[in-house]
Amino acid sequence: MKVAGRAGRIVPSATLSVTATAKAMVARGIDVVDFSSGEPDFDTPEPVKSAADAAIRAGFTKYTAVSGIEELKLAIVEKLRRDQGLTYDTSHILVSCGAKHSLYNLAQAFFEAGDEVVLLAPFWTSYQDQILLNDATPVVLETSESEGYAVTRHTLEAVLTPRTKAIVVNSPSNPTGAVYERSTLEDIAQVALQRDLLIISDEIYEKIIYDAQRHISIASLGPEIAARTVVINGVSKAYAMTGWRIGYAAGPNDLIKVMGNIQSHSTSNPTSISQKAALAAIQSGDVFPNEMLVEFDRRRRVMVERLNKMPGLHCRMPAGAFYAFPNVASLFQRRHAGGVVTSAADLATYLLNEARVATVPGEPFGSASHLRLSYATSMDAIERGLDRMEAAIRQLH
Ligand code: PLP
């Protein structure tokens, strides 16, 4: 069957497909340690589940307003004020079926053929495919590991053209774990102002940030920056609610309105019950995310220390999110019984087959030299998986 041209431009989400392969191996009885998954291993907090239960019992099971229920939008407005000092009203908020859906609505509303959108590599894989699906062109700006994946005004300006329409900022970052300094955000904001760019600020890992740092939203740098920024966030990562599918966008109300129109012809409202659950989560504040953070921090240190002891690997300490992103390029050209490792993708395949450890290769994130390992899994799995990974890496010659 001949599918639409736009569908031919994209590939399935690499992270989801590695996770699916690992799960299929487990279903066949193979003991796989899964470092591929991008979701907290914690259960959704009890009060959130109770709110969903209560919603079901109360018959809150019908369509809602497309853009989300008023009380949830008000809670989001209040959260953005409390946490980031941002000033919105509910006309600036669109609730969608996960942050990925929020980003998708935005891509549909804002990009068209001929537009260029700047991605700072390494980047979260779906940005690229969403841009391509909407006929625009991703312009990839490589950032450097040794400089903490930061971008400067100068390097950013070098990739802009009259067709550049937007830049995607993702701090804390998936996959690198980098958290941008205020000065980096100021540089990006200045360039966006001068060149009339939209800033898409994906802040989904906002609550997972270590060493007593505080998250800074680029939109908080001033009203003129907020007016050209769409903040994307949601409850998936902060409240262990990946399956509930609630994300949101906050931004200029004309753009938010168009995104809502698009949503009205695709999913309609996000699930009514999940909206009540998300309301309970957002109103509960930082207690739950902070509990997870303590545990993620412990695992982060163990994983990074162990990766750095493996021959040929070098891993920066991530400042946020829950991924280690070791550089594995020194292992390229090493051999194993089945062939030669020539890329991160080869190494990930070798590790899955030989060590039964699932990792995500860097290529779909725009980096050929790295693997991504999630430490949103138990300490026991981390120890076991890293033992096996180390043994497999030591076998390379
Ligand atoms: N943005 C980033 C950087 C992510 O890593 C993810 C999930 O992996 C999302 C957005 C999507 O989150 P959601 O589950 O709310 O769709």
# chains A, B, ... in the order shown; residues from 1 in each chain; ligands from 1
$ residues_near_ligand --ligand "ligand 1" --cutoff "9 Å" --atoms "only C-alpha atoms and all ligand atoms" --output "PyMOL selection string"
chain A and resi 15+37-39+96-103+123-127+170-175+202-205+232-237+241-248+321
$ select_by_dssp --residues "segment 148-313 of chain A" --states "alpha helix (DSSP H)" --output "compact mmCIF listing (two decimals) with N, CA, C and O atoms, in the first residue's frame"
# COMPACT_ATOMS: atom_id res chain seq x y z
N ARG A 153 25.72 31.79 22.02
CA ARG A 153 25.09 32.70 21.06
C ARG A 153 25.72 32.55 19.67
O ARG A 153 25.02 32.46 18.66
N HIS A 154 27.04 32.50 19.70
CA HIS A 154 27.79 32.45 18.45
C HIS A 154 27.46 31.17 17.65
O HIS A 154 27.15 31.23 16.46
N THR A 155 27.52 30.01 18.34
CA THR A 155 27.26 28.75 17.61
C THR A 155 25.80 28.69 17.16
O THR A 155 25.50 28.18 16.08
N LEU A 156 24.91 29.23 17.96
CA LEU A 156 23.50 29.21 17.58
C LEU A 156 23.25 30.11 16.36
O LEU A 156 22.61 29.69 15.38
N GLU A 157 23.82 31.30 16.40
CA GLU A 157 23.61 32.23 15.29
C GLU A 157 24.12 31.63 13.98
O GLU A 157 23.56 31.87 12.91
N ALA A 158 25.17 30.82 14.08
CA ALA A 158 25.80 30.26 12.86
C ALA A 158 24.85 29.34 12.09
O ALA A 158 25.05 29.14 10.89
N ARG A 182 21.76 29.47 33.69
CA ARG A 182 20.98 30.67 33.35
C ARG A 182 21.62 31.41 32.17
O ARG A 182 20.92 31.86 31.25
N SER A 183 22.95 31.49 32.14
CA SER A 183 23.62 32.26 31.07
C SER A 183 23.35 31.63 29.69
O SER A 183 23.19 32.34 28.69
N THR A 184 23.29 30.31 29.65
CA THR A 184 23.00 29.64 28.36
C THR A 184 21.57 29.96 27.93
O THR A 184 21.32 30.29 26.76
N LEU A 185 20.65 29.90 28.89
CA LEU A 185 19.25 30.21 28.57
C LEU A 185 19.13 31.67 28.11
O LEU A 185 18.38 31.98 27.17
N GLU A 186 19.90 32.56 28.75
CA GLU A 186 19.85 33.98 28.36
C GLU A 186 20.36 34.16 26.93
O GLU A 186 19.79 34.93 26.16
N ASP A 187 21.42 33.43 26.60
CA ASP A 187 21.95 33.52 25.22
C ASP A 187 20.90 33.09 24.21
O ASP A 187 20.67 33.75 23.20
N ILE A 188 20.26 31.96 24.50
CA ILE A 188 19.24 31.44 23.57
C ILE A 188 18.10 32.46 23.46
O ILE A 188 17.62 32.77 22.36
N ALA A 189 17.68 32.99 24.60
CA ALA A 189 16.55 33.93 24.62
C ALA A 189 16.89 35.20 23.82
O ALA A 189 16.05 35.69 23.05
N GLN A 190 18.11 35.69 23.96
CA GLN A 190 18.51 36.90 23.23
C GLN A 190 18.45 36.67 21.73
O GLN A 190 17.94 37.50 20.97
N VAL A 191 18.98 35.51 21.31
CA VAL A 191 18.97 35.19 19.88
C VAL A 191 17.52 35.06 19.38
O VAL A 191 17.17 35.59 18.32
N ALA A 192 16.68 34.41 20.18
CA ALA A 192 15.28 34.23 19.77
C ALA A 192 14.58 35.57 19.62
O ALA A 192 13.81 35.78 18.67
N LEU A 193 14.89 36.49 20.53
CA LEU A 193 14.29 37.83 20.44
C LEU A 193 14.72 38.54 19.18
O LEU A 193 13.91 39.09 18.43
N GLN A 194 16.05 38.53 18.97
CA GLN A 194 16.59 39.27 17.81
C GLN A 194 16.12 38.70 16.49
O GLN A 194 15.90 39.41 15.53
N PRO A 223 9.07 39.02 30.36
CA PRO A 223 7.78 38.91 29.68
C PRO A 223 7.92 38.80 28.16
O PRO A 223 7.14 38.11 27.50
N GLU A 224 8.94 39.47 27.61
CA GLU A 224 9.08 39.40 26.14
C GLU A 224 9.57 38.02 25.71
O GLU A 224 9.30 37.59 24.59
N ILE A 225 10.25 37.31 26.61
CA ILE A 225 10.67 35.93 26.29
C ILE A 225 9.46 35.00 26.47
O ILE A 225 9.19 34.14 25.63
N ALA A 226 8.73 35.19 27.57
CA ALA A 226 7.55 34.35 27.81
C ALA A 226 6.58 34.46 26.64
O ALA A 226 5.94 33.47 26.25
N ASN A 253 -1.61 32.94 23.77
CA ASN A 253 -2.95 32.33 23.69
C ASN A 253 -3.48 32.15 22.27
O ASN A 253 -4.29 31.26 22.04
N ASP A 254 -2.98 32.94 21.30
CA ASP A 254 -3.44 32.69 19.92
C ASP A 254 -2.93 31.34 19.42
O ASP A 254 -3.66 30.58 18.78
N LEU A 255 -1.68 31.05 19.74
CA LEU A 255 -1.11 29.76 19.32
C LEU A 255 -1.77 28.59 20.08
O LEU A 255 -2.12 27.56 19.48
N ILE A 256 -1.97 28.78 21.38
CA ILE A 256 -2.60 27.73 22.20
C ILE A 256 -4.02 27.43 21.66
O ILE A 256 -4.45 26.28 21.60
N LYS A 257 -4.71 28.48 21.22
CA LYS A 257 -6.07 28.30 20.70
C LYS A 257 -6.04 27.42 19.44
O LYS A 257 -6.83 26.49 19.31
N VAL A 258 -5.10 27.71 18.55
CA VAL A 258 -5.02 26.92 17.31
C VAL A 258 -4.65 25.47 17.64
O VAL A 258 -5.18 24.52 17.06
N MET A 259 -3.73 25.30 18.59
CA MET A 259 -3.37 23.93 19.01
C MET A 259 -4.61 23.20 19.55
O MET A 259 -4.81 22.01 19.28
N GLY A 260 -5.44 23.93 20.28
CA GLY A 260 -6.69 23.34 20.80
C GLY A 260 -7.64 22.97 19.67
O GLY A 260 -8.31 21.92 19.72
N ASN A 261 -7.70 23.82 18.64
CA ASN A 261 -8.56 23.49 17.49
C ASN A 261 -8.11 22.18 16.86
O ASN A 261 -8.93 21.33 16.48
N ILE A 262 -6.79 22.04 16.73
CA ILE A 262 -6.26 20.80 16.13
C ILE A 262 -6.62 19.61 17.02
O ILE A 262 -7.11 18.58 16.53
N GLN A 263 -6.44 19.78 18.32
CA GLN A 263 -6.78 18.69 19.25
C GLN A 263 -8.27 18.34 19.17
O GLN A 263 -8.66 17.18 19.29
N SER A 264 -9.11 19.36 18.90
CA SER A 264 -10.56 19.11 18.85
C SER A 264 -10.93 18.18 17.71
O SER A 264 -11.99 17.55 17.72
N SER A 272 -10.92 12.06 30.89
CA SER A 272 -11.50 12.80 32.02
C SER A 272 -10.92 12.32 33.35
O SER A 272 -10.54 13.12 34.21
N ILE A 273 -10.81 11.01 33.50
CA ILE A 273 -10.34 10.44 34.78
C ILE A 273 -8.87 10.83 35.02
O ILE A 273 -8.48 11.20 36.13
N SER A 274 -8.08 10.75 33.96
CA SER A 274 -6.66 11.12 34.10
C SER A 274 -6.50 12.60 34.44
O SER A 274 -5.56 12.99 35.13
N GLN A 275 -7.42 13.42 33.95
CA GLN A 275 -7.33 14.85 34.29
C GLN A 275 -7.53 15.05 35.79
O GLN A 275 -6.84 15.85 36.42
N LYS A 276 -8.49 14.32 36.37
CA LYS A 276 -8.71 14.44 37.83
C LYS A 276 -7.47 13.93 38.58
O LYS A 276 -7.08 14.49 39.61
N ALA A 277 -6.86 12.86 38.06
CA ALA A 277 -5.66 12.32 38.70
C ALA A 277 -4.51 13.34 38.60
O ALA A 277 -3.79 13.59 39.58
N ALA A 278 -4.37 13.96 37.43
CA ALA A 278 -3.29 14.95 37.24
C ALA A 278 -3.51 16.15 38.15
O ALA A 278 -2.54 16.73 38.68
N LEU A 279 -4.78 16.52 38.35
CA LEU A 279 -5.09 17.63 39.25
C LEU A 279 -4.57 17.32 40.66
O LEU A 279 -3.88 18.13 41.29
N ALA A 280 -4.87 16.10 41.14
CA ALA A 280 -4.40 15.71 42.48
C ALA A 280 -2.88 15.72 42.52
O ALA A 280 -2.27 16.16 43.51
N ALA A 281 -2.25 15.25 41.46
CA ALA A 281 -0.77 15.20 41.44
C ALA A 281 -0.19 16.61 41.52
O ALA A 281 0.66 16.90 42.37
N ILE A 282 -0.67 17.49 40.66
CA ILE A 282 -0.09 18.85 40.60
C ILE A 282 -0.34 19.59 41.91
O ILE A 282 0.55 20.26 42.44
N GLN A 283 -1.53 19.39 42.48
CA GLN A 283 -1.82 20.06 43.76
C GLN A 283 -0.98 19.51 44.91
O GLN A 283 -0.78 20.17 45.92
N SER A 284 -0.46 18.28 44.74
CA SER A 284 0.32 17.68 45.84
C SER A 284 1.74 18.24 45.91
O SER A 284 2.46 17.97 46.87
N VAL A 287 6.43 16.79 47.18
CA VAL A 287 6.81 15.75 48.14
C VAL A 287 7.16 14.45 47.41
O VAL A 287 8.24 13.88 47.61
N PHE A 288 6.28 14.01 46.53
CA PHE A 288 6.53 12.74 45.83
C PHE A 288 7.76 12.84 44.91
O PHE A 288 8.66 12.00 44.99
N PRO A 289 7.83 13.86 44.05
CA PRO A 289 9.04 13.94 43.20
C PRO A 289 10.33 13.99 44.02
O PRO A 289 11.33 13.38 43.64
N ASN A 290 10.29 14.64 45.17
CA ASN A 290 11.52 14.72 45.98
C ASN A 290 11.90 13.37 46.57
O ASN A 290 13.08 13.06 46.71
N GLU A 291 10.89 12.55 46.89
CA GLU A 291 11.20 11.19 47.38
C GLU A 291 11.86 10.37 46.27
O GLU A 291 12.85 9.68 46.50
N MET A 292 11.32 10.48 45.07
CA MET A 292 11.93 9.74 43.95
C MET A 292 13.35 10.23 43.70
O MET A 292 14.25 9.46 43.41
N LEU A 293 13.50 11.54 43.84
CA LEU A 293 14.79 12.16 43.53
C LEU A 293 15.92 11.59 44.40
O LEU A 293 17.02 11.34 43.91
N VAL A 294 15.62 11.36 45.67
CA VAL A 294 16.64 10.82 46.58
C VAL A 294 17.11 9.46 46.06
O VAL A 294 18.31 9.17 45.99
N GLU A 295 16.17 8.66 45.63
CA GLU A 295 16.52 7.32 45.15
C GLU A 295 17.22 7.40 43.77
O GLU A 295 18.23 6.72 43.55
N PHE A 296 16.72 8.26 42.89
CA PHE A 296 17.39 8.41 41.58
C PHE A 296 18.83 8.88 41.77
O PHE A 296 19.73 8.45 41.04
N ASP A 297 19.02 9.75 42.74
CA ASP A 297 20.36 10.29 42.97
C ASP A 297 21.32 9.17 43.38
O ASP A 297 22.45 9.08 42.89
N ARG A 298 20.87 8.30 44.25
CA ARG A 298 21.69 7.16 44.70
C ARG A 298 22.06 6.28 43.50
O ARG A 298 23.21 5.90 43.31
N ARG A 299 21.06 6.00 42.70
CA ARG A 299 21.30 5.12 41.54
C ARG A 299 22.19 5.80 40.51
O ARG A 299 23.04 5.16 39.89
N ARG A 300 21.99 7.09 40.33
CA ARG A 300 22.80 7.86 39.38
C ARG A 300 24.27 7.70 39.72
O ARG A 300 25.12 7.43 38.87
N ARG A 301 24.60 7.88 41.01
CA ARG A 301 26.01 7.82 41.41
C ARG A 301 26.60 6.43 41.19
O ARG A 301 27.71 6.29 40.68
N VAL A 302 25.81 5.41 41.55
CA VAL A 302 26.30 4.03 41.38
C VAL A 302 26.52 3.75 39.90
O VAL A 302 27.57 3.26 39.48
N MET A 303 25.53 4.10 39.08
CA MET A 303 25.64 3.76 37.66
C MET A 303 26.80 4.48 37.00
O MET A 303 27.60 3.88 36.29
N VAL A 304 26.93 5.77 37.27
CA VAL A 304 27.98 6.54 36.59
C VAL A 304 29.37 6.08 37.05
O VAL A 304 30.27 5.90 36.23
N GLU A 305 29.49 5.82 38.35
CA GLU A 305 30.79 5.35 38.85
C GLU A 305 31.18 4.03 38.19
O GLU A 305 32.30 3.84 37.74
N ARG A 306 30.21 3.12 38.10
CA ARG A 306 30.52 1.81 37.51
C ARG A 306 30.80 1.93 36.01
O ARG A 306 31.69 1.26 35.50
N LEU A 307 30.04 2.75 35.32
CA LEU A 307 30.30 2.90 33.87
C LEU A 307 31.71 3.44 33.63
O LEU A 307 32.42 3.00 32.72
N ASN A 308 32.12 4.37 34.48
CA ASN A 308 33.44 4.97 34.30
C ASN A 308 34.57 3.99 34.60
O ASN A 308 35.71 4.23 34.21
N LYS A 309 34.25 2.91 35.29
CA LYS A 309 35.29 1.89 35.57
C LYS A 309 35.40 0.88 34.42
O LYS A 309 36.31 0.06 34.41
$ select_by_dssp --residues "segment 182-344 of chain A" --states "strand (DSSP E or B)" --output "compact mmCIF listing (two decimals) with all heavy atoms, in the first residue's frame"
# COMPACT_ATOMS: atom_id res chain seq x y z
N LEU A 198 10.34 31.30 17.76
CA LEU A 198 9.57 30.71 18.85
C LEU A 198 10.52 29.79 19.63
O LEU A 198 11.31 29.05 19.04
CB LEU A 198 8.41 29.87 18.29
CG LEU A 198 7.53 29.20 19.35
CD1 LEU A 198 6.59 30.23 19.99
CD2 LEU A 198 6.70 28.06 18.75
N ILE A 199 10.42 29.84 20.97
CA ILE A 199 11.19 28.91 21.81
C ILE A 199 10.23 27.83 22.30
O ILE A 199 9.20 28.14 22.89
CB ILE A 199 11.82 29.63 23.02
CG1 ILE A 199 12.71 30.79 22.56
CG2 ILE A 199 12.60 28.64 23.88
CD1 ILE A 199 13.12 31.72 23.71
N ILE A 200 10.60 26.60 22.03
CA ILE A 200 9.80 25.48 22.53
C ILE A 200 10.59 24.90 23.69
O ILE A 200 11.69 24.36 23.50
CB ILE A 200 9.58 24.42 21.42
CG1 ILE A 200 8.86 25.09 20.24
CG2 ILE A 200 8.81 23.22 21.96
CD1 ILE A 200 8.83 24.26 18.98
N SER A 201 10.08 25.07 24.91
CA SER A 201 10.85 24.69 26.09
C SER A 201 10.23 23.46 26.74
O SER A 201 9.22 23.56 27.43
CB SER A 201 10.90 25.87 27.07
OG SER A 201 11.68 25.52 28.19
N ASP A 202 10.85 22.32 26.49
CA ASP A 202 10.34 21.06 27.02
C ASP A 202 10.92 20.86 28.42
O ASP A 202 12.10 20.56 28.58
CB ASP A 202 10.75 19.93 26.06
CG ASP A 202 10.27 18.57 26.52
OD1 ASP A 202 9.78 18.44 27.66
OD2 ASP A 202 10.39 17.61 25.72
N ILE A 209 16.11 16.92 39.17
CA ILE A 209 17.27 17.79 39.03
C ILE A 209 18.05 17.68 40.35
O ILE A 209 17.44 17.75 41.42
CB ILE A 209 16.78 19.20 38.66
CG1 ILE A 209 17.87 20.12 38.20
CG2 ILE A 209 15.95 19.84 39.69
CD1 ILE A 209 17.30 21.32 37.42
N THR A 229 7.54 31.98 23.97
CA THR A 229 7.91 30.63 24.42
C THR A 229 6.65 29.79 24.65
O THR A 229 5.67 30.28 25.21
CB THR A 229 8.70 30.70 25.76
OG1 THR A 229 9.86 31.50 25.57
CG2 THR A 229 9.11 29.33 26.25
N VAL A 230 6.72 28.54 24.23
CA VAL A 230 5.70 27.58 24.66
C VAL A 230 6.39 26.61 25.62
O VAL A 230 7.35 25.93 25.25
CB VAL A 230 5.08 26.81 23.47
CG1 VAL A 230 4.05 25.81 23.98
CG2 VAL A 230 4.44 27.77 22.48
N VAL A 231 5.93 26.63 26.87
CA VAL A 231 6.45 25.70 27.88
C VAL A 231 5.66 24.40 27.75
O VAL A 231 4.43 24.42 27.73
CB VAL A 231 6.29 26.28 29.30
CG1 VAL A 231 6.67 25.25 30.36
CG2 VAL A 231 7.12 27.55 29.47
N ILE A 232 6.41 23.30 27.67
CA ILE A 232 5.77 21.98 27.61
C ILE A 232 6.12 21.25 28.90
O ILE A 232 7.30 21.21 29.31
CB ILE A 232 6.32 21.17 26.41
CG1 ILE A 232 6.14 21.91 25.08
CG2 ILE A 232 5.74 19.76 26.39
CD1 ILE A 232 4.72 21.97 24.56
N ASN A 233 5.12 20.68 29.54
CA ASN A 233 5.37 19.93 30.76
C ASN A 233 4.26 18.89 30.92
O ASN A 233 3.40 18.75 30.04
CB ASN A 233 5.45 20.88 31.97
CG ASN A 233 6.32 20.34 33.08
OD1 ASN A 233 6.42 19.13 33.28
ND2 ASN A 233 6.94 21.24 33.84
N GLY A 234 4.26 18.17 32.04
CA GLY A 234 3.24 17.15 32.23
C GLY A 234 3.50 16.40 33.52
O GLY A 234 4.41 16.76 34.28
N GLY A 247 -0.28 15.75 29.58
CA GLY A 247 0.76 16.76 29.44
C GLY A 247 0.09 18.09 29.18
O GLY A 247 -1.14 18.14 29.00
N TYR A 248 0.87 19.16 29.16
CA TYR A 248 0.24 20.45 28.86
C TYR A 248 1.22 21.40 28.21
O TYR A 248 2.45 21.22 28.27
CB TYR A 248 -0.36 21.08 30.13
CG TYR A 248 0.59 21.27 31.29
CD1 TYR A 248 1.39 22.41 31.38
CD2 TYR A 248 0.70 20.31 32.29
CE1 TYR A 248 2.25 22.58 32.45
CE2 TYR A 248 1.56 20.48 33.36
CZ TYR A 248 2.34 21.61 33.44
OH TYR A 248 3.20 21.78 34.48
N ALA A 249 0.64 22.38 27.54
CA ALA A 249 1.43 23.46 26.93
C ALA A 249 0.94 24.77 27.53
O ALA A 249 -0.26 24.94 27.78
CB ALA A 249 1.21 23.47 25.42
N ALA A 250 1.88 25.69 27.78
CA ALA A 250 1.54 27.04 28.25
C ALA A 250 2.26 28.01 27.34
O ALA A 250 3.47 27.90 27.15
CB ALA A 250 2.00 27.23 29.70
N HIS A 314 33.36 6.44 28.94
CA HIS A 314 33.51 7.66 29.72
C HIS A 314 32.12 8.25 29.90
O HIS A 314 31.39 8.45 28.94
CB HIS A 314 34.42 8.65 28.97
CG HIS A 314 34.28 10.02 29.50
ND1 HIS A 314 34.76 10.38 30.74
CD2 HIS A 314 33.66 11.12 29.01
CE1 HIS A 314 34.46 11.64 30.96
NE2 HIS A 314 33.78 12.12 29.93
N GLY A 320 20.52 16.19 35.69
CA GLY A 320 19.07 16.06 35.79
C GLY A 320 18.59 14.84 35.01
O GLY A 320 19.39 14.12 34.41
N TYR A 323 18.92 9.49 33.17
CA TYR A 323 19.67 8.74 32.17
C TYR A 323 21.17 8.98 32.32
O TYR A 323 21.60 10.11 32.54
CB TYR A 323 19.29 9.19 30.75
CG TYR A 323 17.80 9.16 30.50
CD1 TYR A 323 17.05 10.34 30.53
CD2 TYR A 323 17.14 7.96 30.25
CE1 TYR A 323 15.68 10.32 30.31
CE2 TYR A 323 15.77 7.94 30.04
CZ TYR A 323 15.04 9.12 30.06
OH TYR A 323 13.69 9.10 29.85
N ALA A 324 21.94 7.88 32.18
CA ALA A 324 23.39 8.01 32.01
C ALA A 324 23.64 7.94 30.51
O ALA A 324 22.95 7.22 29.79
CB ALA A 324 24.10 6.90 32.74
N ASN A 327 29.96 7.88 26.76
CA ASN A 327 30.60 7.90 25.45
C ASN A 327 31.29 6.55 25.26
O ASN A 327 32.09 6.14 26.11
CB ASN A 327 31.62 9.05 25.42
CG ASN A 327 32.14 9.29 24.02
OD1 ASN A 327 32.40 8.33 23.28
ND2 ASN A 327 32.26 10.55 23.65
N ARG A 335 36.53 -6.14 18.51
CA ARG A 335 35.89 -7.33 17.93
C ARG A 335 35.25 -8.21 19.01
O ARG A 335 35.67 -8.21 20.15
CB ARG A 335 36.93 -8.20 17.20
CG ARG A 335 37.69 -7.47 16.17
CD ARG A 335 38.62 -8.39 15.37
NE ARG A 335 38.73 -7.83 14.03
CZ ARG A 335 37.89 -8.10 13.04
NH1 ARG A 335 36.93 -8.99 13.21
NH2 ARG A 335 38.02 -7.52 11.87
N HIS A 336 34.26 -8.97 18.55
CA HIS A 336 33.70 -10.05 19.37
C HIS A 336 33.44 -11.22 18.44
O HIS A 336 33.64 -11.09 17.21
CB HIS A 336 32.43 -9.58 20.09
CG HIS A 336 31.37 -9.01 19.21
ND1 HIS A 336 30.41 -9.77 18.61
CD2 HIS A 336 31.14 -7.72 18.80
CE1 HIS A 336 29.61 -8.98 17.88
NE2 HIS A 336 30.04 -7.74 17.98
N GLY A 339 31.49 -10.42 15.24
CA GLY A 339 31.86 -9.34 14.30
C GLY A 339 32.61 -8.22 14.98
O GLY A 339 33.30 -8.41 15.98
N VAL A 340 32.46 -7.01 14.40
CA VAL A 340 33.20 -5.84 14.87
C VAL A 340 32.18 -4.80 15.33
O VAL A 340 31.14 -4.63 14.69
CB VAL A 340 34.03 -5.21 13.72
CG1 VAL A 340 34.96 -4.12 14.24
CG2 VAL A 340 34.81 -6.26 12.97
$ atom_distance --atom1 "atom CA of Val77 of chain A" --atom2 "atom CA of Asp89 of chain A"
6.2 Å
$ residues_around --residues "Val139 of chain A" --least-positions-apart "2" --cutoff "9 Å" --atoms "only C-alpha atoms" --output "PyMOL selection string"
chain A and resi 116-120+137+141+159-160+164
$ residues_around --residues "Asp31 of chain A" --least-positions-apart "5" --cutoff "8 Å" --atoms "only C-alpha atoms" --output "PDB file with N, CA and C atoms, in the first residue's frame"
ATOM      1  N   MET A  25      11.617 -10.283  24.626  1.00  0.00           N
ATOM      2  CA  MET A  25      12.598 -11.285  25.066  1.00  0.00           C
ATOM      3  C   MET A  25      12.211 -11.820  26.445  1.00  0.00           C
ATOM      4  N   VAL A  26      11.808 -10.893  27.332  1.00  0.00           N
ATOM      5  CA  VAL A  26      11.383 -11.316  28.679  1.00  0.00           C
ATOM      6  C   VAL A  26      10.183 -12.258  28.564  1.00  0.00           C
ATOM      7  N   ARG A 356      22.470  -9.606  27.525  1.00  0.00           N
ATOM      8  CA  ARG A 356      21.034  -9.475  27.805  1.00  0.00           C
ATOM      9  C   ARG A 356      20.756  -8.216  28.635  1.00  0.00           C
TER      10      ARG A 356
END
$ closest_residue --among "A:Ser268, A:Val11, A:Val33, A:Ser367" --to "Ala355 of chain A" --atoms "only C-alpha atoms"
A:Val33
$ residues_around --residues "Leu386 of chain A" --least-positions-apart "3" --cutoff "9 Å" --atoms "only C-alpha atoms" --output "ChimeraX atom specification"
/A:303,306-307,357,381-383,389-391
$ atom_distance --atom1 "atom CA of Glu78 of chain A" --atom2 "atom CA of Gly222 of chain A"
18.0 Å
$ residues_around --residues "Ser17 of chain A" --least-positions-apart "5" --cutoff "12 Å" --atoms "only C-alpha atoms" --output "PyMOL selection string"
chain A and resi 11-12+22-24+36-38+358-361+364
$ write_last_selection --atoms "C-alpha atoms" --output "short mmCIF file (atom, residue, chain, number, x, y, z; two decimals), in the first residue's frame"
data_model
loop_
_atom_site.label_atom_id
_atom_site.label_comp_id
_atom_site.auth_asym_id
_atom_site.auth_seq_id
_atom_site.Cartn_x
_atom_site.Cartn_y
_atom_site.Cartn_z
CA VAL A 11 10.95 6.04 11.78
CA PRO A 12 9.30 4.43 14.81
CA ALA A 22 13.42 -6.23 25.57
CA LYS A 23 9.87 -6.95 26.76
CA ALA A 24 9.37 -9.52 23.98
CA SER A 36 16.00 1.36 27.88
CA SER A 37 12.80 2.49 29.49
CA GLY A 38 12.11 6.22 29.93
CA ALA A 358 18.88 -3.40 26.83
CA THR A 359 20.32 0.08 26.18
CA VAL A 360 19.36 2.68 23.59
CA PRO A 361 22.05 3.59 21.04
CA PRO A 364 18.34 8.44 17.08
#
$ closest_residue --among "A:Val95, A:Val3, A:Asn134, A:Ala219" --to "Val169 of chain A" --atoms "only C-alpha atoms"
A:Ala219
$ closest_residue --among "A:Ile76, A:Phe111, A:His215, A:Ala240" --to "Glu46 of chain A" --atoms "only C-alpha atoms"
A:Ala240
$ residues_around --residues "Glu363 of chain A" --least-positions-apart "4" --cutoff "8 Å" --atoms "only C-alpha atoms" --output "list in words"
Ala344, Ala345, Ser367, Ala368, Ser369 and His370 of chain A
$ closest_residue --among "A:Ile208, A:Ala14, A:Leu72, A:Ala227" --to "Tyr88 of chain A" --atoms "only C-alpha atoms"
A:Ala227
$ atom_distance --atom1 "atom CA of Val48 of chain A" --atom2 "atom CA of Glu71 of chain A"
15.3 Å
$ closest_residue --among "A:Ser330, A:Ile56, A:Pro252, A:Ser91" --to "Leu106 of chain A" --atoms "only C-alpha atoms"
A:Pro252
$ closest_residue --among "A:Gly5, A:Gly251, A:Pro270, A:Gly177" --to "Pro122 of chain A" --atoms "only C-alpha atoms"
A:Gly177
$ decode --residues "segment 42-50 of chain A" --atoms "N, CA and C atoms" --output "tab-separated table (two decimals), in the first residue's frame"
chain	number	residue	atom	x	y	z
A	42	PHE	N	8.68	3.81	39.91
A	42	PHE	CA	7.83	3.97	41.10
A	42	PHE	C	6.37	3.84	40.70
A	43	ASP	N	5.54	3.45	41.68
A	43	ASP	CA	4.10	3.39	41.43
A	43	ASP	C	3.54	4.82	41.52
A	44	THR	N	2.45	5.07	40.80
A	44	THR	CA	1.75	6.35	40.92
A	44	THR	C	1.33	6.55	42.37
A	45	PRO	N	1.49	7.75	42.95
A	45	PRO	CA	1.15	7.95	44.36
A	45	PRO	C	-0.32	7.61	44.67
A	46	GLU	N	-0.53	7.07	45.86
A	46	GLU	CA	-1.88	6.64	46.28
A	46	GLU	C	-2.94	7.74	46.15
A	47	PRO	N	-2.67	8.97	46.64
A	47	PRO	CA	-3.72	10.01	46.55
A	47	PRO	C	-4.13	10.29	45.10
A	48	VAL	N	-3.20	10.10	44.19
A	48	VAL	CA	-3.52	10.33	42.78
A	48	VAL	C	-4.45	9.22	42.29
A	49	LYS	N	-4.13	7.99	42.68
A	49	LYS	CA	-5.00	6.87	42.29
A	49	LYS	C	-6.40	7.04	42.90
A	50	SER	N	-6.43	7.51	44.16
A	50	SER	CA	-7.73	7.69	44.83
A	50	SER	C	-8.56	8.74	44.09
